[in-house]
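These notes concern the structure reproduced below.
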There are 2 protein chains.
Amino acid sequence: MKNLRLKAARAAKDMSQDALASMCGVSRQTINGIEKGDYNPTIKLCRQICKVLDKTLDELFWEDEEEG
Amino acid sequence: MKNLRLKAARAAKDMSQDALASMCGVSRQTINGIEKGDYNPTIKLCRQICKVLDKTLDELFWEDEEEG
DNA sequence: ACAAAATGTAAAATATAGTTGACATTCTGT
DNA sequence: ACAGAATGTCAACTATATTTTACATTTTGT
């Protein structure tokens, strides 16, 4: 199931997957995979993503993500 | 740095590391490592732990965990 | 319509999360 | 003090998150 909240938060900052990825210190494919729902990221990376996007874990990663 | 909030939440449910581990479907060492701060668990496992302990991600895993 | 940027996706390689088994230490109750 | 449970820790193993390279497709602006 896709993580549409992450996608939306990124869009709200007008950032590409690539830009978010480099600010988080990971590859673009990792961000892509997380948004697409393929990946099960580590909490450390989730925290990093949240900080860059000014969101909390609950806002982006709590509960079963959106529909797939 | 240790995750004392996790340790406290577990204590509040009167659960051993072993009991929490089996309810989360992981080994006792994994829970031990997370509490001790050695591990960087996946978001999936964090969610599972939160559900078992009736907490949210922000409550147990947001911000740099407690002092080490 | 066109070019450039952004996104989706895949295979092979590397890094690391999580397991298993085993043993030492600390905590708890009696 | 003692026994049993809970916890800390280690090494070798397995599973999987993440990287790298590369290419196809879709979006966006002009």
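Chain lettering (A, B, ...) mirrors the order of the structure tokens, residue numbering begins at 1 for each chain separately, and ligand numbering begins at 1 in order of display.
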Mind checking which residues fall within 12 Å of A:Asn32, counting only C-alpha atoms (C1' of nucleotides), ignoring those fewer than 2 positions away in the same chain, and posting them as a PDB file with C-alpha atoms (C1' of nucleotides), in the first residue's frame?
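What landed in result_6.pdb:
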```pdb
ATOM      1  CA  LYS A   2       1.320   3.388  -1.010  1.00  0.00           C
ATOM      2  CA  ASN A   3       2.306   6.072   1.450  1.00  0.00           C
ATOM      3  CA  LEU A   4       0.347   8.975   0.020  1.00  0.00           C
ATOM      4  CA  LEU A   6       4.551  11.091   2.489  1.00  0.00           C
ATOM      5  CA  LYS A   7       4.029  11.937  -1.160  1.00  0.00           C
ATOM      6  CA  ARG A  10       6.914  16.119  -0.095  1.00  0.00           C
ATOM      7  CA  SER A  16      11.450  15.924  -5.917  1.00  0.00           C
ATOM      8  CA  GLN A  17      12.086  12.387  -4.695  1.00  0.00           C
ATOM      9  CA  ASP A  18      15.695  13.001  -5.606  1.00  0.00           C
ATOM     10  CA  ALA A  19      15.927  16.178  -3.527  1.00  0.00           C
ATOM     11  CA  LEU A  20      14.307  14.572  -0.498  1.00  0.00           C
ATOM     12  CA  ALA A  21      16.557  11.558  -0.871  1.00  0.00           C
ATOM     13  CA  VAL A  26      19.614   7.920   0.963  1.00  0.00           C
ATOM     14  CA  SER A  27      19.114   7.067  -2.691  1.00  0.00           C
ATOM     15  CA  ARG A  28      16.198   8.220  -4.794  1.00  0.00           C
ATOM     16  CA  GLN A  29      15.043   4.630  -5.207  1.00  0.00           C
ATOM     17  CA  THR A  30      14.716   4.277  -1.460  1.00  0.00           C
ATOM     18  CA  ILE A  34       8.860   3.932   0.514  1.00  0.00           C
ATOM     19  CA  GLU A  35       6.236   6.041  -1.237  1.00  0.00           C
ATOM     20  CA  LYS A  36       5.274   3.150  -3.426  1.00  0.00           C
ATOM     21  CA  GLY A  37       5.052   0.866  -0.380  1.00  0.00           C
ATOM     22  CA  ASP A  38       7.721  -1.600  -1.434  1.00  0.00           C
ATOM     23  CA  TYR A  39      10.068  -0.783   1.392  1.00  0.00           C
ATOM     24  CA  ASN A  40       9.926  -1.207   5.143  1.00  0.00           C
ATOM     25  CA  PRO A  41      12.327   1.565   6.159  1.00  0.00           C
TER      26      PRO A  41
ATOM     27  C1'  DA C   6      10.629  13.540 -12.502  1.00  0.00           C
ATOM     28  C1'  DT C   7       9.139   9.067 -11.640  1.00  0.00           C
ATOM     29  C1'  DG C   8       8.705   3.829 -12.033  1.00  0.00           C
ATOM     30  C1'  DT C   9      11.189  -0.271 -12.142  1.00  0.00           C
TER      31       DT C   9
ATOM     32  C1'  DT D  18      19.577   0.153   0.751  1.00  0.00           C
TER      33       DT D  18
END
```
Counting only C-alpha atoms, chain B residues within 6 Å of chain A, as a PDB file with C-alpha atoms, in the first residue's frame:
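Contents of part-v6.pdb, freshly written:
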```pdb
ATOM      1  CA  PRO B  41      14.436  -1.264  14.061  1.00  0.00           C
ATOM      2  CA  THR B  42      12.198  -1.154  10.996  1.00  0.00           C
ATOM      3  CA  ILE B  43       9.068   0.996  11.029  1.00  0.00           C
ATOM      4  CA  LEU B  57       5.072   6.081  17.213  1.00  0.00           C
ATOM      5  CA  ASP B  58       5.543   9.606  18.501  1.00  0.00           C
TER       6      ASP B  58
END
```
In chain A, DSSP helix (DSSP H, G or I) residues written as a PyMOL selection string: chain A and resi 4-12+17-24+28-36+43-53+57-61
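The two atoms in question, atom C1' of C:DA5 and atom CA of A:Leu53, are spaced 21.5 Å apart.
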Do a neighbour search on C:DA13 at 12 Å with only C-alpha atoms (C1' of nucleotides), toss out local chain neighbours closer than 5 positions, and write the hits as a list in words.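 After dropping sequence-adjacent residues, the list is DT18, DT19, DT20 and DT21 of chain D.
Across the model, the gap from atom CA of B:Ala12 to atom C1' of C:DT25 is 24.1 Å.
Atom C1' of D:DA17 sits 15.8 Å away from atom CA of A:Ile49.
Among A:Leu60, A:Met1, A:Ile31, A:Ala9, the residue with the shortest atom-to-atom distance to chain D, counting only C-alpha atoms (C1' of nucleotides), is A:Ile31.
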What residues in chain D lie within 12 Å of chain B, counting only C-alpha atoms (C1' of nucleotides), written as an MDAnalysis selection string? chainID D and resid 5:10 16:17
